[in-house]
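Colleague: Mind looking over this structure? Questions follow.
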Amino acid sequence: MKSSPSNTTEHNWGDPIESLSRSKKPSPTFEKLAAAGIQKISDLLWILPLRIHKSPPPSPFREAVLDQFFRGSGKVIHVEVKPAFGRRGKGNILLYNGYAVVVDDLSQESLSLRWFNLYPNQKKQIEALTHINFLGQVQEFKAQKQIINPQILTTEEVAPYIIEYPTVNKIPGNTLKKAIELIPPLLWSKVPQILPELGYDKKLSLGEAFKIIHGRIAPANFNSKLKEQAEERLIYEEFLIDQLKIQTRRKFIKQKDAPILKANDLLLKNLKSTLPFTLTLDQDKVLGEVLKDLKSGHPMMRLVQGDVGCGKTIVAYLASRVVTQLGHQVALMCPTEALAQQHFESFKQLAPEISIELLLGSTKAKDKKLLLTKLKNGEINIVIGTHALFQDSVGFHKLGLAIIDEQHKFGVEQRLKLVAKGEGTHSLIMTATPIPRTLSLAQYGDLDISTIKMMPLGRKGIKTRITEKKNYDKYLEFVKSRLMQKEQAYFVFPAIEESETMDLQNVKESLNKYQESFRAFKVEMLHGKMRPEEKQKVVQDFRDQKIHILISTSVIEVGINIPNSTIMSIYNPERFGLSSLHQLRGRVGRGEKAGFCFLVLDKELPPDSYHRLEVIEQNLDGFVIAEEDLKFRGEGDLFGVDQSGSVTSKKLANFLTHTSILEQVVADVERLKETRPDILSPIFEKLAKDQKILDTI
């Protein structure tokens with residue numbers, strides 16, 4: 001193993017990485033690392049090797065095994081170096097490719113060595129070779145073994161491990177390896193731990209885990225089981241960091257004072273009597289949990305989850321009325337203008353006697369200015385809108401409750417930014433995408449979770465079918481038969497216009513096609529690129545049954561509630577996530593008529609894609625679908641704005657495959673909260689400061 005340079009300067013893990021440099025000049029490598037967020041020496045620990053192997057001993061060429069590292073030596077009997085097909089390196093320098101044939105020192109066998117993209121100084125080194133000690137990975141070309149870009153060993157001493165690091169911010173792995181080797185040996189025994197004496201520390205300390213992962217232990221002690229234990233310890237640490245962030249956010253929000261909003265029984269009775277239906281048992285139970293939070297004196301942080309159409313909105317409405325009756329304002333934030341418009345109309349219909357306004361990105365400047373003034377003066381009781389609500393220009397007189405609908409469409413930061421517009425504002429979050437248990441632990445641990453599972457009485461349900469080419473004509477005839485019964489249909493497509501790069505059916509092309517196929521009916525289109533007033537008119541015409549078939553993109557995924565629409569046809573369904581398909585399906589079967597959902601294919605799908613659609617065809621339970629969708633989608637970035645997709649900031653931890661470790665972390669943190677709050681308090685204080693949590697609550 002290469003030793004780190006002797007350096008009399010005392011280092012700490014919290015020092016900037018530039019302190020490792022032996023030069024007084026700025027290091028381009030360290031500057032690039034800093035730009036990538038790797039600023040402290042301790043950050044280098046989390047640049048984990050892609051692979052680590054024990055260095056092999058010198059061996060005869062006949063023992064070279066494909067895909068394994070091999071170390072040998074021999075006489076160079078042929079060398080050839082040519083320009084690398086015009087390739088150039090830094091400074092526009094011409095590069096070369098090299099080839100050598102070596103005869104084994106330990107036998108009479110030969111082996112080919114090849115180098116690509118050599119600089120002139122490396123070219124001279126290759127051309128001067130008469131004997132070589134080398135190390136590299138064995139490959140095969142035309143049934144002959146060879147080694148590509150072998151390392152030329154200048155001494156008999158070889159590092160005990162071959163460590164391959166990833167490229168970070170265009171810094172090659174070899175360069176990163178050299179930077180990590182600058183860490184003084186004494187520092188490796190002083191790796192700081194956030195919380196010592198936890199369960200996993202008894203098996204392996206964090207410092208020991210990093211030493212194993214980075215090859216800082218004797219080769220005789222290194223084995224696959226030890227490496228696995230080290231990886232588990234780092235996974236534990238990553239989950240621990242996330243849990244402490246979650247608990248910090250919860251602690252500092254929950255300890256704030258909030259307006260005590262206590263609803264009296266008469267008020268509740270009067271509010272419920274104005275509803276055109278009776279609450280289900282689940283709705284009543286969840287409303288009780290919300291009202292209990294509102295009178296607690298601390299900010300409510302509650303997530304209400306329930307399947308499409310279960311009645312979450314009515315719970316939010318009743319909570320809003322309690323808050324406004326007690327002199328506070330309510331903000332309801334939605335991910336789309338269509339959903340905001342729908343909530344606005346529903347609330348106005350239920351409560352025409354109070355001031356309810358709509359704030360959208362498309363709201364005219366003059367109208368917006370007047371609305372913001374009235375909002376600031378307290379003349380508006382409830383404001384319903386989109387992302388426009390958390391803009392800096394929006395202020396409230398007395399914001400008591402912030403409601404966020406379809407939480408998965410927003411990020412944590414956006415939620416907190418809206419809540420921060422009031423003093424101790426209560427927050428109620430709603431989602432029709434049920435939260436799998438592991439995700440609730442990993443992402444929503446700062447929230448209390450309520451669940452509505454019962455559906456309102458009178459729903460006839462939805463039948464789902466995968467429709468292939470062989471059944472297409474039969475499917476069209478069924479749609480026509482339902483339209484003849486005065487019902488309506490959605491045809492949803494994943495693209496607006498024809499794409500040269502994707503074989504997708506599109507809205508504009510399909511509009512002409514289906515206007516021709518359904519001449520007896522009115523067919524119109526709806527998509528996100530239309531002007532807001534155009535979209536509103538189309539939706540209203542569809543609601544008024546002036547339109548029979550609505551050709552649309554997924555813009556209708558949330559926010560459209562038209563009970564007379566009974567058919568949802570989704571074209572190229574393989575292009576949608578499972579949760580999106582479930583949401584789209586939830587647009588039908590909302591009234592007294594049964595709903596039908598068709599997943600329309602225009603080509604044969606691979607088995608895994610077809611299986612995804614079978615999950616939708618065979619399940620109406622959003623919780624089952626959410627679990628499956630999570631497996632397909634990945635976990636996303638939990639603390640950024642983006643909360644979906646396969647991108648994650650973690651190096652090793654994945655709550656889908658490491659659930660047992662996540663549960664261990666949650667249990668350990670909860671135990672410490674009860675038994676050793678003195679240990680956790682300073683950690684929470686530091687995290688709150690580092691994460692700027694106190695600035696957002």
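Naming works like this for the structure tokens: A, B, ... for the chains as they're shown, residue 1 at the start of each chain, ligands 1 onward in shown order.
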Run DSSP on the backbone and give me the residues of stretch 474-630 of chain A it puts in alpha helix (DSSP H), as a PyMOL selection string.
Modeller: chain A and resi 474-484+507-517+532-543+578-585+607-618+622-630
Colleague: So that I can check the surroundings of stretch 179-184 of chain A, please list as a PyMOL selection string every protein, DNA and RNA residue that reaches within 12 Å of it, counting only C-alpha atoms and ignoring chain neighbours fewer than 4 positions away.
Modeller: chain A and resi 1-13+15-22+27-30+33+38+40-49+159+163-165+171-175+188-191+210-211+214-216
Colleague: Create the file for the chosen residues now, containing C-alpha atoms and written as a compact mmCIF listing (two decimals), in the first residue's frame.
Modeller:
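Below you can see result.txt, which holds the result:
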# COMPACT_ATOMS: atom_id res chain seq x y z
CA MET A 1 0.00 0.00 0.00
CA LYS A 2 1.31 3.43 -0.86
CA SER A 3 1.99 5.52 2.18
CA SER A 4 0.62 9.02 2.46
CA PRO A 5 3.12 11.85 2.17
CA SER A 6 4.80 12.94 5.33
CA ASN A 7 3.18 16.11 6.47
CA THR A 8 3.77 17.84 9.74
CA THR A 9 0.43 19.65 9.55
CA GLU A 10 -2.19 18.20 11.88
CA HIS A 11 -5.35 17.28 9.94
CA ASN A 12 -8.95 16.78 11.00
CA TRP A 13 -11.79 15.21 9.03
CA ASP A 15 -10.73 20.36 7.29
CA PRO A 16 -11.18 21.48 3.67
CA ILE A 17 -9.80 19.00 1.13
CA GLU A 18 -7.37 21.68 -0.13
CA SER A 19 -5.43 21.23 3.14
CA LEU A 20 -4.21 17.86 1.81
CA SER A 21 -2.42 19.49 -1.10
CA ARG A 22 1.38 19.62 -0.96
CA SER A 27 -5.32 22.15 -7.18
CA PRO A 28 -7.65 21.68 -10.21
CA THR A 29 -8.64 18.28 -8.80
CA PHE A 30 -9.68 19.69 -5.42
CA LEU A 33 -14.28 18.08 -6.16
CA ILE A 38 -16.93 17.27 -1.85
CA LYS A 40 -14.22 18.43 3.54
CA ILE A 41 -11.71 15.63 3.98
CA SER A 42 -14.51 13.50 5.44
CA ASP A 43 -16.43 13.85 2.16
CA LEU A 44 -13.69 11.85 0.44
CA LEU A 45 -14.71 8.84 2.55
CA TRP A 46 -18.01 8.66 0.68
CA ILE A 47 -16.35 8.38 -2.73
CA LEU A 48 -16.69 4.62 -2.55
CA PRO A 49 -14.63 2.32 -4.80
CA ALA A 159 0.04 -2.02 -3.52
CA ILE A 163 -8.85 -0.21 -6.18
CA GLU A 164 -11.03 1.27 -8.92
CA TYR A 165 -12.78 4.54 -8.09
CA ILE A 171 -12.09 13.59 -12.46
CA PRO A 172 -10.79 10.10 -13.40
CA GLY A 173 -10.85 7.32 -10.82
CA ASN A 174 -7.04 7.08 -10.75
CA THR A 175 -6.81 10.77 -9.84
CA TRP A 188 -8.23 6.70 9.45
CA SER A 189 -8.41 5.60 13.09
CA LYS A 190 -10.32 8.75 14.05
CA VAL A 191 -13.39 8.64 11.80
CA PHE A 210 -14.53 2.84 5.80
CA LYS A 211 -11.08 1.29 6.21
CA HIS A 214 -11.16 1.69 0.94
CA GLY A 215 -8.68 -1.16 1.33
CA ARG A 216 -6.91 0.23 4.41
Colleague: Env of A:Glu337: 9 Å cut, atoms = only C-alpha atoms, seq-sep filter 4 positions within chain, self excluded. Answer as an mmCIF file with N, CA and C atoms, in the first residue's frame.
Modeller:
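Below you can see selection00.cif, which holds the result:
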data_model
loop_
_atom_site.group_PDB
_atom_site.id
_atom_site.type_symbol
_atom_site.label_atom_id
_atom_site.label_comp_id
_atom_site.auth_asym_id
_atom_site.auth_seq_id
_atom_site.Cartn_x
_atom_site.Cartn_y
_atom_site.Cartn_z
ATOM 1 N N GLN A 341 -58.978 24.529 -9.940
ATOM 2 C CA GLN A 341 -60.275 25.026 -10.412
ATOM 3 C C GLN A 341 -61.409 24.151 -9.874
ATOM 4 N N GLN A 342 -61.186 22.836 -9.884
ATOM 5 C CA GLN A 342 -62.225 21.913 -9.401
ATOM 6 C C GLN A 342 -62.480 22.108 -7.906
ATOM 7 N N LEU A 360 -53.857 31.432 -9.616
ATOM 8 C CA LEU A 360 -53.155 30.537 -10.529
ATOM 9 C C LEU A 360 -51.993 31.271 -11.190
ATOM 10 N N GLY A 361 -51.114 30.516 -11.820
ATOM 11 C CA GLY A 361 -50.035 31.151 -12.569
ATOM 12 C C GLY A 361 -50.580 31.971 -13.719
ATOM 13 N N SER A 362 -51.761 31.580 -14.214
ATOM 14 C CA SER A 362 -52.372 32.277 -15.351
ATOM 15 C C SER A 362 -53.266 33.448 -14.928
ATOM 16 N N GLY A 385 -55.028 27.453 -5.002
ATOM 17 C CA GLY A 385 -54.160 27.767 -6.133
ATOM 18 C C GLY A 385 -53.135 26.694 -6.410
ATOM 19 N N THR A 386 -52.199 27.049 -7.264
ATOM 20 C CA THR A 386 -51.124 26.146 -7.664
ATOM 21 C C THR A 386 -49.823 26.594 -6.992
ATOM 22 N N PRO A 532 -54.743 28.555 -20.632
ATOM 23 C CA PRO A 532 -55.623 28.206 -19.506
ATOM 24 C C PRO A 532 -57.107 28.373 -19.812
ATOM 25 N N GLY A 559 -57.654 16.253 -10.967
ATOM 26 C CA GLY A 559 -58.392 17.493 -11.113
ATOM 27 C C GLY A 559 -59.641 17.445 -11.963
#
Colleague: One decimal, in Å: what's the spacing between atom CA of A:Ile683 and atom CA of A:Phe252?
Modeller: 12.4 Å
Colleague: Looking at only C-alpha atoms, which of A:Ala442, A:Val323, A:Met430, A:Leu339 is the one that sits closest to A:Ile382?
Modeller: A:Val323
Colleague: If you run DSSP on the backbone, which residues of stretch 552-587 of chain A are strand (DSSP E or B), as a PyMOL selection string?
Modeller: chain A and resi 552+565-571
Colleague: For the selection you just gave me, I'd like the residues written to a file as an mmCIF file, in the first residue's frame, keeping N, CA and C atoms.
Modeller:
data_model
loop_
_atom_site.group_PDB
_atom_site.id
_atom_site.type_symbol
_atom_site.label_atom_id
_atom_site.label_comp_id
_atom_site.auth_asym_id
_atom_site.auth_seq_id
_atom_site.Cartn_x
_atom_site.Cartn_y
_atom_site.Cartn_z
ATOM 1 N N SER A 552 -56.886 13.430 -24.726
ATOM 2 C CA SER A 552 -56.101 14.217 -23.770
ATOM 3 C C SER A 552 -54.743 13.592 -23.483
ATOM 4 N N SER A 565 -68.639 10.526 -17.001
ATOM 5 C CA SER A 565 -67.609 9.879 -17.821
ATOM 6 C C SER A 565 -67.334 8.497 -17.243
ATOM 7 N N THR A 566 -67.502 7.477 -18.078
ATOM 8 C CA THR A 566 -67.414 6.093 -17.586
ATOM 9 C C THR A 566 -66.301 5.294 -18.244
ATOM 10 N N ILE A 567 -65.697 5.835 -19.314
ATOM 11 C CA ILE A 567 -64.677 5.086 -20.044
ATOM 12 C C ILE A 567 -63.350 5.838 -20.010
ATOM 13 N N MET A 568 -62.303 5.146 -19.588
ATOM 14 C CA MET A 568 -60.943 5.681 -19.613
ATOM 15 C C MET A 568 -60.112 4.756 -20.503
ATOM 16 N N SER A 569 -59.714 5.247 -21.673
ATOM 17 C CA SER A 569 -58.855 4.483 -22.579
ATOM 18 C C SER A 569 -57.466 5.110 -22.563
ATOM 19 N N ILE A 570 -56.475 4.324 -22.179
ATOM 20 C CA ILE A 570 -55.104 4.839 -22.075
ATOM 21 C C ILE A 570 -54.260 4.162 -23.146
ATOM 22 N N TYR A 571 -53.784 4.953 -24.084
ATOM 23 C CA TYR A 571 -52.991 4.442 -25.194
ATOM 24 C C TYR A 571 -51.503 4.489 -24.847
#
Colleague: Might you pull out every residue within 9 Å of A:Val101, with only C-alpha atoms counted and same-chain residues fewer than 3 positions away left off, and present them as a JSON list (two decimals) with C-alpha atoms, in the first residue's frame?
Modeller:
[["chain", "number", "residue", "atom", "x", "y", "z"],
["A", 75, "LYS", "CA", 11.06, -10.14, -22.12],
["A", 76, "VAL", "CA", 9.60, -7.75, -24.69],
["A", 77, "ILE", "CA", 10.21, -9.29, -28.13],
["A", 78, "HIS", "CA", 8.06, -6.94, -30.22],
["A", 79, "VAL", "CA", 6.86, -3.33, -29.80],
["A", 110, "SER", "CA", 3.83, -15.24, -24.77],
["A", 111, "LEU", "CA", 1.13, -12.63, -24.02],
["A", 112, "SER", "CA", -0.05, -9.53, -25.87],
["A", 113, "LEU", "CA", -0.26, -6.14, -24.13],
["A", 114, "ARG", "CA", -2.11, -3.17, -25.64]]
Colleague: Write out as a PDB file with C-alpha atoms, in the first residue's frame each polymer residue whose atoms come within 7 Å of A:Ser450, counting only C-alpha atoms; drop sequence neighbours fewer than 3 positions from it.
Modeller:
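Contents of part09.pdb, freshly written:
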ATOM      1  CA  VAL A 286     -59.652  10.998  10.059  1.00  0.00           C
ATOM      2  CA  LEU A 303     -50.750  13.342   5.848  1.00  0.00           C
ATOM      3  CA  VAL A 304     -54.110  11.963   4.784  1.00  0.00           C
ATOM      4  CA  GLN A 305     -53.742   9.124   2.307  1.00  0.00           C
TER       5      GLN A 305
END
Colleague: A:Thr154: which residues within 10 Å, counting only C-alpha atoms, same-chain residues fewer than 5 positions away excluded, as a list of chain:residue names?
Modeller: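 Contacts, with the query itself left out: A:Ile132, A:Asn133, A:Phe134.
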Colleague: Which is closer to A:Lys177 than all the others in A:Leu50, A:Val103, A:Ile625, A:Ala420, using only C-alpha atoms?
Modeller: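 Of the candidates, the smallest distance to A:Lys177 is held by A:Leu50.
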